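Worksheet: one structure, shown below.
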Amino acid sequence: MEPFSMSRATEVKVFHVEDNGSTVVVTTTDTAYPERPAQVAYEQCENEEESTAVLNKFVFDLQRQGWELDEAPA
């Protein structure tokens, strides 16, 4: 799965998977405060199918909170 990002105001979340698709990694930064270190969260899943379901749930929940999927670069 290719990394993708979501944003809301000055916050940006970047999602990607590691460990053959079984670990979801979410990195959150705030462009208004570039001196602050990024926050990194990990969600360990049993397999790639579970990590896909977790990502879909994250996206759904964040969209309900006003986050928007960023366009993929051309």
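Simple scheme: letters A, B, ... for chains in structure tokens order, numbers from 1 for residues in each chain, numbers from 1 for ligands in the order shown.
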Helix (DSSP H, G or I) positions in segment 31-69 of chain A, given as a PyMOL selection string: chain A and resi 48-64
Distance query segment 17-24 of chain A at most 6 Å, only C-alpha atoms, self and fewer than 3 positions along chain excluded, as an NGL selection string: :A and (42-45 or 47-48 or 51)
Among the residues A:Glu35, A:Asp61, A:Glu71, A:Asp30, the one that comes closest to Arg8 of chain A [using only C-alpha atoms]: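 Nearest candidate to Arg8 of chain A out of A:Glu35, A:Asp61, A:Glu71, A:Asp30: A:Asp30.
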Interatomic distance (Å, one decimal) between atom CA of Pro37 of chain A and atom CA of Pro3 of chain A: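 We find that atom CA of Pro37 of chain A and atom CA of Pro3 of chain A lie 19.7 Å from each other.
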Those in chain A with strand (DSSP E or B) from DSSP, as a ChimeraX atom specification: /A:4-8,11-18,23-30,39-44,68-69
Output N, CA, C and O atoms for every residue in the selection just made, as an mmCIF file, in the first residue's frame.
```cif
data_model
loop_
_atom_site.group_PDB
_atom_site.id
_atom_site.type_symbol
_atom_site.label_atom_id
_atom_site.label_comp_id
_atom_site.auth_asym_id
_atom_site.auth_seq_id
_atom_site.Cartn_x
_atom_site.Cartn_y
_atom_site.Cartn_z
ATOM 1 N N PHE A 4 -0.234 7.580 2.198
ATOM 2 C CA PHE A 4 -1.169 8.648 1.861
ATOM 3 C C PHE A 4 -1.295 9.563 3.064
ATOM 4 O O PHE A 4 -0.865 9.221 4.167
ATOM 5 N N SER A 5 -1.863 10.737 2.836
ATOM 6 C CA SER A 5 -1.969 11.703 3.931
ATOM 7 C C SER A 5 -3.356 12.310 3.998
ATOM 8 O O SER A 5 -4.121 12.310 3.030
ATOM 9 N N MET A 6 -3.647 12.841 5.188
ATOM 10 C CA MET A 6 -4.881 13.571 5.440
ATOM 11 C C MET A 6 -4.496 14.845 6.173
ATOM 12 O O MET A 6 -3.492 14.873 6.891
ATOM 13 N N SER A 7 -5.289 15.888 5.987
ATOM 14 C CA SER A 7 -4.973 17.146 6.664
ATOM 15 C C SER A 7 -6.233 17.811 7.189
ATOM 16 O O SER A 7 -7.342 17.577 6.706
ATOM 17 N N ARG A 8 -6.005 18.646 8.204
ATOM 18 C CA ARG A 8 -7.059 19.487 8.786
ATOM 19 C C ARG A 8 -6.351 20.719 9.335
ATOM 20 O O ARG A 8 -5.481 20.594 10.205
ATOM 21 N N GLU A 11 -2.604 20.690 10.586
ATOM 22 C CA GLU A 11 -2.150 19.343 10.959
ATOM 23 C C GLU A 11 -2.149 18.416 9.745
ATOM 24 O O GLU A 11 -3.036 18.498 8.896
ATOM 25 N N VAL A 12 -1.161 17.536 9.705
ATOM 26 C CA VAL A 12 -1.047 16.562 8.625
ATOM 27 C C VAL A 12 -0.763 15.195 9.234
ATOM 28 O O VAL A 12 0.103 15.057 10.096
ATOM 29 N N LYS A 13 -1.513 14.184 8.788
ATOM 30 C CA LYS A 13 -1.272 12.803 9.194
ATOM 31 C C LYS A 13 -0.845 12.019 7.956
ATOM 32 O O LYS A 13 -1.506 12.089 6.924
ATOM 33 N N VAL A 14 0.254 11.301 8.072
ATOM 34 C CA VAL A 14 0.731 10.456 6.982
ATOM 35 C C VAL A 14 0.596 9.000 7.440
ATOM 36 O O VAL A 14 1.036 8.641 8.531
ATOM 37 N N PHE A 15 -0.029 8.190 6.601
ATOM 38 C CA PHE A 15 -0.275 6.786 6.908
ATOM 39 C C PHE A 15 0.570 5.906 5.996
ATOM 40 O O PHE A 15 0.645 6.161 4.797
ATOM 41 N N HIS A 16 1.164 4.879 6.551
ATOM 42 C CA HIS A 16 1.811 3.854 5.743
ATOM 43 C C HIS A 16 1.846 2.552 6.543
ATOM 44 O O HIS A 16 1.502 2.542 7.729
ATOM 45 N N VAL A 17 2.213 1.468 5.885
ATOM 46 C CA VAL A 17 2.286 0.171 6.558
ATOM 47 C C VAL A 17 3.704 -0.362 6.490
ATOM 48 O O VAL A 17 4.463 -0.062 5.567
ATOM 49 N N GLU A 18 4.067 -1.135 7.511
ATOM 50 C CA GLU A 18 5.383 -1.777 7.600
ATOM 51 C C GLU A 18 5.181 -3.251 7.925
ATOM 52 O O GLU A 18 4.058 -3.705 8.125
ATOM 53 N N THR A 23 1.682 -3.774 10.091
ATOM 54 C CA THR A 23 1.774 -2.688 11.062
ATOM 55 C C THR A 23 1.404 -1.372 10.391
ATOM 56 O O THR A 23 2.011 -0.982 9.403
ATOM 57 N N VAL A 24 0.396 -0.712 10.936
ATOM 58 C CA VAL A 24 -0.026 0.592 10.444
ATOM 59 C C VAL A 24 0.763 1.646 11.211
ATOM 60 O O VAL A 24 0.831 1.604 12.438
ATOM 61 N N VAL A 25 1.359 2.588 10.486
ATOM 62 C CA VAL A 25 2.131 3.670 11.103
ATOM 63 C C VAL A 25 1.470 4.996 10.722
ATOM 64 O O VAL A 25 1.222 5.262 9.545
ATOM 65 N N VAL A 26 1.193 5.816 11.740
ATOM 66 C CA VAL A 26 0.586 7.129 11.530
ATOM 67 C C VAL A 26 1.528 8.182 12.111
ATOM 68 O O VAL A 26 1.840 8.144 13.296
ATOM 69 N N THR A 27 1.981 9.098 11.262
ATOM 70 C CA THR A 27 2.856 10.187 11.692
ATOM 71 C C THR A 27 2.074 11.488 11.593
ATOM 72 O O THR A 27 1.539 11.811 10.536
ATOM 73 N N THR A 28 2.004 12.220 12.707
ATOM 74 C CA THR A 28 1.244 13.470 12.749
ATOM 75 C C THR A 28 2.191 14.640 12.978
ATOM 76 O O THR A 28 3.018 14.608 13.885
ATOM 77 N N THR A 29 2.064 15.659 12.124
ATOM 78 C CA THR A 29 2.848 16.877 12.266
ATOM 79 C C THR A 29 1.921 18.084 12.199
ATOM 80 O O THR A 29 0.781 17.978 11.739
ATOM 81 N N ASP A 30 2.427 19.207 12.665
ATOM 82 C CA ASP A 30 1.668 20.457 12.596
ATOM 83 C C ASP A 30 2.562 21.489 11.918
ATOM 84 O O ASP A 30 3.593 21.881 12.457
ATOM 85 N N GLN A 39 4.582 13.246 15.939
ATOM 86 C CA GLN A 39 4.064 12.176 16.785
ATOM 87 C C GLN A 39 3.888 10.947 15.905
ATOM 88 O O GLN A 39 3.327 11.032 14.816
ATOM 89 N N VAL A 40 4.363 9.819 16.386
ATOM 90 C CA VAL A 40 4.274 8.579 15.614
ATOM 91 C C VAL A 40 3.487 7.558 16.428
ATOM 92 O O VAL A 40 3.759 7.350 17.606
ATOM 93 N N ALA A 41 2.487 6.952 15.779
ATOM 94 C CA ALA A 41 1.678 5.925 16.425
ATOM 95 C C ALA A 41 1.731 4.656 15.579
ATOM 96 O O ALA A 41 1.808 4.714 14.350
ATOM 97 N N TYR A 42 1.715 3.516 16.260
ATOM 98 C CA TYR A 42 1.768 2.215 15.590
ATOM 99 C C TYR A 42 0.553 1.387 15.983
ATOM 100 O O TYR A 42 0.127 1.412 17.134
ATOM 101 N N GLU A 43 -0.003 0.685 15.019
ATOM 102 C CA GLU A 43 -1.107 -0.237 15.279
ATOM 103 C C GLU A 43 -0.701 -1.594 14.710
ATOM 104 O O GLU A 43 -0.597 -1.758 13.496
ATOM 105 N N GLN A 44 -0.439 -2.536 15.602
ATOM 106 C CA GLN A 44 -0.033 -3.880 15.180
ATOM 107 C C GLN A 44 -1.265 -4.679 14.790
ATOM 108 O O GLN A 44 -2.221 -4.761 15.551
ATOM 109 N N GLU A 68 -9.429 15.805 5.706
ATOM 110 C CA GLU A 68 -9.608 15.571 4.280
ATOM 111 C C GLU A 68 -8.429 14.791 3.723
ATOM 112 O O GLU A 68 -7.281 15.053 4.080
ATOM 113 N N LEU A 69 -8.735 13.857 2.816
ATOM 114 C CA LEU A 69 -7.674 13.126 2.128
ATOM 115 C C LEU A 69 -6.955 14.092 1.196
ATOM 116 O O LEU A 69 -7.601 14.856 0.479
#
```
Two-atom distance - atom CA of Leu62 of chain A, atom CA of Ala32 of chain A (Å): 19.8 Å
Atom CA of Leu55 of chain A to atom CA of Trp67 of chain A, distance in Å rounded to a single decimal: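 A separation of 14.0 Å between them.
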